[in-house]
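Undergrad: Contents of run14.txt (compact mmCIF, C-alpha atoms):
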# COMPACT_ATOMS: atom_id res chain seq x y z
CA MET H 4 17.23 4.29 -1.61
CA SER H 5 18.64 6.43 -4.34
CA THR H 6 17.08 9.60 -2.88
CA SER H 7 16.77 10.88 0.66
CA PRO H 8 13.23 10.31 1.96
CA THR H 9 14.01 12.25 5.13
CA THR H 10 14.91 15.38 3.22
CA GLN H 11 11.93 15.08 0.87
CA GLN H 12 9.46 14.57 3.68
CA ALA H 13 10.85 17.47 5.72
CA GLU H 14 10.02 19.69 2.76
CA ALA H 15 6.62 18.15 2.07
CA ALA H 16 5.23 17.45 5.56
CA PRO H 17 2.18 19.52 6.52
CA ALA H 18 2.08 21.67 9.67
CA PHE H 19 0.56 20.25 12.87
CA THR H 20 -0.12 21.65 16.33
CA PRO H 21 2.22 20.73 19.22
CA ARG H 22 -0.43 18.34 20.54
CA GLN H 23 -0.77 16.67 17.15
CA ARG H 24 3.01 16.37 16.83
CA LEU H 25 3.20 14.63 20.20
CA ALA H 26 0.39 12.27 19.17
CA LEU H 27 2.14 11.55 15.87
CA TRP H 28 5.38 10.71 17.68
CA CYS H 29 3.59 8.31 20.04
CA ILE H 30 1.45 6.67 17.36
CA SER H 31 4.32 6.23 14.92
CA TRP H 32 6.55 4.53 17.50
CA LEU H 33 3.75 2.33 18.84
CA GLY H 34 2.82 1.37 15.28
CA TYR H 35 6.42 0.57 14.45
CA LEU H 36 6.83 -1.64 17.52
CA LEU H 37 3.50 -3.42 16.95
CA ILE H 38 4.25 -4.23 13.30
CA SER H 39 7.81 -5.28 14.11
CA LEU H 40 6.80 -7.65 16.89
CA ILE H 41 3.89 -9.28 15.04
CA GLY H 42 5.62 -9.28 11.67
CA ARG H 43 8.52 -11.41 12.91
CA THR H 44 6.10 -14.21 13.77
CA LEU H 45 4.11 -14.26 10.51
CA ARG H 46 4.41 -16.99 7.87
CA PHE H 47 4.25 -15.41 4.42
CA GLU H 48 3.43 -17.30 1.22
CA CYS H 49 2.91 -16.04 -2.34
CA SER H 50 1.05 -16.93 -5.51
CA SER H 51 0.45 -15.16 -8.79
CA GLU H 52 -1.63 -15.25 -11.93
CA PRO H 53 0.30 -15.85 -15.17
CA GLY H 54 1.91 -12.61 -16.28
CA GLY H 55 2.01 -11.24 -12.73
CA ALA H 56 4.85 -11.58 -10.24
CA GLU H 57 8.14 -13.22 -11.10
CA GLY H 58 8.88 -16.91 -10.52
CA ASN H 59 9.97 -16.36 -6.91
CA GLY H 60 6.72 -14.55 -6.08
CA GLU H 61 8.36 -11.13 -6.10
CA PRO H 62 7.24 -8.10 -8.16
CA PRO H 63 9.35 -6.76 -11.03
CA PRO H 64 11.77 -3.98 -9.98
CA VAL H 65 9.82 -1.18 -11.69
CA VAL H 66 6.07 -1.49 -11.30
CA ILE H 67 3.00 0.35 -10.01
CA GLY H 68 1.43 -1.61 -7.15
CA PRO H 69 -2.10 -0.71 -6.01
CA PHE H 70 -3.65 -2.55 -3.04
CA TRP H 71 -6.50 -2.08 -0.58
CA HIS H 72 -5.89 0.19 2.42
CA ARG H 73 -6.88 -2.47 4.97
CA ALA H 74 -3.77 -4.52 4.17
CA VAL H 75 -1.29 -1.78 5.18
CA ILE H 76 0.01 -3.58 8.29
CA PRO H 77 1.06 -6.92 6.73
CA ALA H 78 2.25 -5.10 3.58
CA THR H 79 4.47 -2.79 5.63
CA TYR H 80 6.33 -5.70 7.18
CA TYR H 81 6.49 -7.91 4.09
CA PHE H 82 7.84 -5.19 1.77
CA ARG H 83 10.14 -3.50 4.31
CA ARG H 84 13.63 -2.23 3.42
CA ARG H 85 13.10 -2.25 -0.34
CA GLY H 86 12.97 1.50 -1.00
CA ILE H 87 9.36 1.31 -2.20
CA ALA H 88 7.53 4.64 -2.47
CA VAL H 89 3.94 4.88 -1.21
CA MET H 90 1.54 7.74 -1.82
CA THR H 91 0.16 8.93 1.51
CA SER H 92 -2.43 11.56 2.37
CA ARG H 93 -1.52 14.99 3.79
CA SER H 94 -4.09 14.41 6.55
CA PHE H 95 -3.28 13.54 10.17
CA ASP H 96 -4.07 9.86 9.49
CA GLY H 97 -1.86 9.90 6.41
CA GLU H 98 0.95 11.50 8.37
CA TYR H 99 1.20 8.83 11.03
CA ILE H 100 1.07 6.13 8.36
CA ALA H 101 3.87 7.94 6.53
CA ARG H 102 6.01 8.10 9.66
CA ILE H 103 5.48 4.43 10.44
CA ILE H 104 6.34 3.18 6.96
CA GLU H 105 9.41 5.44 6.76
CA ARG H 106 10.79 3.59 9.80
CA PHE H 107 10.53 0.41 7.71
CA GLY H 108 12.50 1.87 4.81
CA PHE H 109 9.68 3.14 2.59
CA GLN H 110 9.49 6.56 0.99
CA ALA H 111 6.26 8.46 1.67
CA VAL H 112 5.17 10.65 -1.25
CA ARG H 113 2.52 12.97 0.13
CA GLY H 114 -0.64 13.69 -1.81
CA SER H 115 -4.07 12.22 -2.50
CA SER H 116 -7.00 12.43 -4.85
CA THR H 117 -8.15 15.57 -3.04
CA ARG H 118 -4.94 17.35 -2.02
CA GLY H 119 -1.61 17.52 -3.81
CA GLY H 120 -2.53 14.79 -6.27
CA SER H 121 -0.78 16.09 -9.38
CA GLY H 122 2.43 16.87 -7.52
CA ALA H 123 2.39 13.46 -5.86
CA LEU H 124 1.94 11.73 -9.22
CA MET H 125 4.99 13.57 -10.53
CA GLY H 126 6.90 12.41 -7.47
CA MET H 127 5.81 8.82 -8.08
CA ASN H 128 6.86 9.15 -11.72
CA ARG H 129 10.36 10.14 -10.55
CA VAL H 130 10.39 7.08 -8.30
CA LEU H 131 9.68 4.81 -11.26
CA ALA H 132 12.27 6.58 -13.40
CA SER H 133 14.86 5.84 -10.68
CA GLY H 134 14.13 2.10 -10.98
CA ARG H 135 11.94 1.57 -7.94
CA ILE H 136 8.38 0.47 -7.13
CA ALA H 137 5.52 2.95 -6.62
CA ALA H 138 2.64 1.68 -4.44
CA PHE H 139 -0.84 3.02 -3.72
CA THR H 140 -3.32 2.25 -0.94
CA ILE H 141 -5.83 2.77 -3.65
CA ASP H 142 -9.11 3.22 -1.77
CA GLY H 143 -7.51 5.65 0.72
CA PRO H 144 -7.28 7.97 2.44
CA ARG H 145 -10.91 7.70 3.59
CA GLY H 146 -12.69 5.39 1.21
CA PRO H 147 -15.13 4.29 0.11
CA ARG H 148 -13.69 0.87 0.88
CA TYR H 149 -12.82 -1.28 -2.15
CA VAL H 150 -13.37 1.54 -4.65
CA ALA H 151 -10.19 2.21 -6.60
CA LYS H 152 -9.11 5.74 -7.46
CA PRO H 153 -7.60 6.45 -10.90
CA GLY H 154 -4.06 7.45 -9.85
CA PRO H 155 -2.25 4.26 -10.91
CA VAL H 156 -3.81 4.30 -14.39
CA LEU H 157 -2.76 7.93 -14.89
CA LEU H 158 0.74 7.15 -13.63
CA ALA H 159 1.02 4.08 -15.88
CA ARG H 160 0.17 6.20 -18.94
CA MET H 161 2.67 8.85 -17.84
CA SER H 162 5.54 6.48 -17.02
CA GLY H 163 5.06 3.40 -19.21
CA ALA H 164 5.40 1.17 -16.12
CA PRO H 165 2.88 -1.69 -15.73
CA ILE H 166 0.23 -1.91 -13.01
CA LEU H 167 0.48 -5.00 -10.81
CA CYS H 168 -2.42 -5.36 -8.35
CA PHE H 169 -1.96 -7.41 -5.19
CA TYR H 170 -3.51 -8.25 -1.84
CA LEU H 171 -2.25 -9.66 1.44
CA ALA H 172 -4.88 -11.98 2.90
CA CYS H 173 -4.58 -12.76 6.61
CA GLU H 174 -5.57 -15.86 8.53
CA ARG H 175 -8.25 -14.93 11.11
CA PRO H 176 -6.98 -11.36 11.66
CA TRP H 177 -8.25 -8.87 14.17
CA ILE H 178 -10.36 -6.34 12.25
CA LEU H 179 -10.65 -2.76 13.48
CA GLY H 180 -13.90 -0.80 13.31
CA THR H 181 -12.42 1.75 10.92
CA TRP H 182 -13.75 2.76 7.49
CA ASP H 183 -11.29 0.35 5.79
CA GLN H 184 -11.75 -2.52 8.29
CA MET H 185 -8.01 -2.43 8.93
CA MET H 186 -6.50 -5.89 9.55
CA ILE H 187 -4.06 -6.69 12.34
CA PRO H 188 -2.61 -10.16 11.71
CA ARG H 189 -2.62 -12.54 14.66
CA PRO H 190 0.87 -13.55 15.82
CA PHE H 191 2.16 -16.78 14.22
CA SER H 192 -0.60 -16.76 11.58
CA ARG H 193 -0.28 -17.14 7.80
CA VAL H 194 -0.39 -14.28 5.30
CA HIS H 195 -0.94 -14.99 1.61
CA VAL H 196 0.39 -12.47 -0.92
CA ARG H 197 -1.63 -12.73 -4.13
CA TRP H 198 -0.60 -11.04 -7.40
CA THR H 199 -2.68 -10.55 -10.54
CA ALA H 200 -1.61 -10.21 -14.18
CA GLN H 201 0.07 -6.95 -15.15
CA ILE H 202 -1.93 -4.18 -16.80
CA ARG H 203 -0.24 -1.88 -19.31
CA VAL H 204 -1.59 1.52 -20.25
CA PRO H 205 -0.65 2.90 -23.70
CA ALA H 206 0.75 6.44 -23.73
CA GLU H 207 -1.91 7.43 -26.27
CA ALA H 208 -4.86 6.07 -24.23
CA GLY H 209 -7.80 8.49 -24.27
CA GLY H 210 -10.87 8.97 -22.13
CA GLU H 211 -12.80 5.79 -22.95
CA ALA H 212 -9.69 3.59 -22.92
CA MET H 213 -8.65 5.05 -19.56
CA LYS H 214 -12.09 4.33 -18.15
CA ARG H 215 -11.91 0.70 -19.31
CA LEU H 216 -8.41 0.28 -17.88
CA HIS H 217 -9.55 1.76 -14.57
CA GLU H 218 -12.40 -0.76 -14.49
CA ARG H 219 -9.94 -3.54 -15.30
CA MET H 220 -7.77 -2.47 -12.37
CA GLN H 221 -10.79 -2.48 -10.07
CA VAL H 222 -11.65 -6.03 -11.13
CA SER H 223 -8.03 -7.14 -10.68
CA LEU H 224 -7.93 -5.74 -7.15
CA GLU H 225 -11.14 -7.56 -6.25
CA ARG H 226 -9.83 -10.78 -7.80
CA ALA H 227 -6.57 -10.54 -5.84
CA ARG H 228 -8.50 -10.22 -2.59
CA ARG H 229 -10.84 -13.09 -3.44
CA ASP H 230 -8.07 -15.47 -4.51
CA GLY H 231 -5.81 -14.55 -1.61
CA MET H 232 -8.56 -15.31 0.89
CA ALA H 233 -9.42 -18.56 -0.89
CA ALA H 234 -5.79 -19.69 -0.57
CA LEU H 235 -6.02 -19.46 3.23
CA GLY H 236 -9.49 -20.98 3.58
CA GLU H 237 -12.23 -20.32 6.12
CA GLY H 238 -11.73 -17.35 8.42
CA ALA H 239 -9.37 -15.48 6.08
CA SER H 240 -9.88 -11.79 5.41
Could I get this file's structure written as structure tokens?

TA:
Amino acid sequence: MSTSPTTQQAEAAPAFTPRQRLALWCISWLGYLLISLIGRTLRFECSSEPGGAEGNGEPPPVVIGPFWHRAVIPATYYFRRRGIAVMTSRSFDGEYIARIIERFGFQAVRGSSTRGGSGALMGMNRVLASGRIAAFTIDGPRGPRYVAKPGPVLLARMSGAPILCFYLACERPWILGTWDQMMIPRPFSRVHVRWTAQIRVPAEAGGEAMKRLHERMQVSLERARRDGMAALGEGAS
């Protein structure tokens, strides 16, 4: 990475009690080991709409990538070691996700729609300006599930970078009873990475245009999930 995530996160990390810090240490290491062990066995495949990902199924180098929170585990392994920045919540849940993804070479930019949002958007804008990808678990940190927040549209207007929605569909995953129905891929299963067409937001876009572009992003996210699941067939999620 061109910047030091460790230094940035030391400055930005919220305060936790000693008990919470111990829990975060345990959860982050267990999460890292789980994703590493399962991820090595997964069979990834990609597809894209016209005007989406590049010919090899990879995203452009500078893009805003929103995806649904439930796909964090397969996304963490697939996109590891690329210096991608991800906006994470300042909550306890957001903190352990941040610590896990940092072990895989991501940069966690802390903030959400409710806390630290404007500062986090500025941080994501700097990420794009440095030539890297900025990603959002866009219905996080606590839902509602499959309802996109406006951050990527605002960032696209600010930065000029396109929005590229995607989803990682899993073959018969284990599904947790959490608000997002978090997926844990089964070892040796297939994962389909589905990209949609890019969305560009003009710098002069006003209120009504921004609303329409937000709705377009919502539809693209839903389409990516639908098409990714269809590519794997019955039992995909």

Undergrad: Find the residues around segment 222-239 of chain H up to 9 Å (only C-alpha atoms counted), leave out those fewer than 5 positions away in its own chain, and share them as a PDB file with C-alpha atoms, keeping the file's coordinate frame.

TA:
ATOM      1  CA  CYS H  49       2.910 -16.040  -2.340  1.00  0.00           C
ATOM      2  CA  SER H  50       1.050 -16.930  -5.510  1.00  0.00           C
ATOM      3  CA  SER H  51       0.450 -15.160  -8.790  1.00  0.00           C
ATOM      4  CA  PRO H  69      -2.100  -0.710  -6.010  1.00  0.00           C
ATOM      5  CA  PHE H  70      -3.650  -2.550  -3.040  1.00  0.00           C
ATOM      6  CA  TRP H  71      -6.500  -2.080  -0.580  1.00  0.00           C
ATOM      7  CA  TYR H 149     -12.820  -1.280  -2.150  1.00  0.00           C
ATOM      8  CA  ALA H 151     -10.190   2.210  -6.600  1.00  0.00           C
ATOM      9  CA  LEU H 167       0.480  -5.000 -10.810  1.00  0.00           C
ATOM     10  CA  CYS H 168      -2.420  -5.360  -8.350  1.00  0.00           C
ATOM     11  CA  PHE H 169      -1.960  -7.410  -5.190  1.00  0.00           C
ATOM     12  CA  TYR H 170      -3.510  -8.250  -1.840  1.00  0.00           C
ATOM     13  CA  LEU H 171      -2.250  -9.660   1.440  1.00  0.00           C
ATOM     14  CA  ALA H 172      -4.880 -11.980   2.900  1.00  0.00           C
ATOM     15  CA  CYS H 173      -4.580 -12.760   6.610  1.00  0.00           C
ATOM     16  CA  GLU H 174      -5.570 -15.860   8.530  1.00  0.00           C
ATOM     17  CA  ARG H 175      -8.250 -14.930  11.110  1.00  0.00           C
ATOM     18  CA  PRO H 176      -6.980 -11.360  11.660  1.00  0.00           C
ATOM     19  CA  ARG H 193      -0.280 -17.140   7.800  1.00  0.00           C
ATOM     20  CA  VAL H 194      -0.390 -14.280   5.300  1.00  0.00           C
ATOM     21  CA  HIS H 195      -0.940 -14.990   1.610  1.00  0.00           C
ATOM     22  CA  VAL H 196       0.390 -12.470  -0.920  1.00  0.00           C
ATOM     23  CA  ARG H 197      -1.630 -12.730  -4.130  1.00  0.00           C
ATOM     24  CA  TRP H 198      -0.600 -11.040  -7.400  1.00  0.00           C
ATOM     25  CA  THR H 199      -2.680 -10.550 -10.540  1.00  0.00           C
ATOM     26  CA  ALA H 200      -1.610 -10.210 -14.180  1.00  0.00           C
ATOM     27  CA  HIS H 217      -9.550   1.760 -14.570  1.00  0.00           C
TER      28      HIS H 217
END

Undergrad: Env of Tyr35 of chain H: 8 Å cut, atoms = all atoms listed in the file, seq-sep filter 3 positions within chain, self excluded. Answer as a ChimeraX atom specification.

TA: /H:31-32,38-39,103-104,106-107

Undergrad: For Pro147 of chain H, which residue out of H:Leu33, H:Gly97, H:Ile41, H:Gln184 is the nearest one, using all atoms listed in the file?

TA: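 Of all the options, H:Gln184 lies closest to Pro147 of chain H.
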
Undergrad: Leaving out Thr140 of chain H and any residue of its chain fewer than 4 positions from it, which residues lie within 12 Å of it when counting all atoms listed in the file, given as a ChimeraX atom specification?

TA: /H:67-76,78-79,88-92,97,100-101,111-112,114-116,144-146,148-155,168-170,183,185,224

Undergrad: From the options H:Leu157, H:Asp96, H:Ile178, H:Ala132, which residue's atoms come nearest to Ala212 of chain H, counting all atoms listed in the file?

TA: H:Leu157

Undergrad: For each of H:Pro64, H:Pro190, H:Gly180, H:Pro165, take the minimum atom-to-atom distance to Pro205 of chain H, counting all atoms listed in the file, then give the residue where this is smallest.

TA: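 The closest residue to Pro205 of chain H is H:Pro165.
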
Undergrad: How far is it from atom CA of Arg129 of chain H to atom CA of Pro77 of chain H, in Å with one decimal?

TA: 26.0 Å

Undergrad: Restricting the calculation to all atoms listed in the file, which member of H:Glu211, H:Gln201, H:Arg85, H:Glu105 is positioned closest to Glu52 of chain H?

TA: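 So, comparing all the options, the nearest one is H:Gln201.
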
Undergrad: Box along x, y and z, 3 Å on every side, all listed atoms of segment 33-46 of chain H inside: centre and edge lengths in Å to one decimal, as lines of an AutoDock Vina configuration file.

TA:
center_x = 5.7
center_y = -7.3
center_z = 13.4
size_x = 11.7
size_y = 25.3
size_z = 17.0

Undergrad: Between atom CA of Met125 of chain H and atom CA of Tyr81 of chain H, what is the spacing in Å?

TA: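 Pair atom CA of Tyr81 of chain H / atom CA of Met125 of chain H returns 26.0 Å.
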
Undergrad: Which residue, H:Tyr99, H:Trp182, H:Tyr80, H:Phe139, has the smallest gap to Trp28 of chain H when you use all atoms listed in the file?

TA: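 Smallest separation from Trp28 of chain H among the options: H:Tyr99.
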
Undergrad: Counting all atoms listed in the file, select every polymer residue within 12 Å of (5.8, -12.7, 17.6) as defined in the file's coordinates, and provide the selection as a PyMOL selection string.

TA: chain H and resi 36-46+188-192
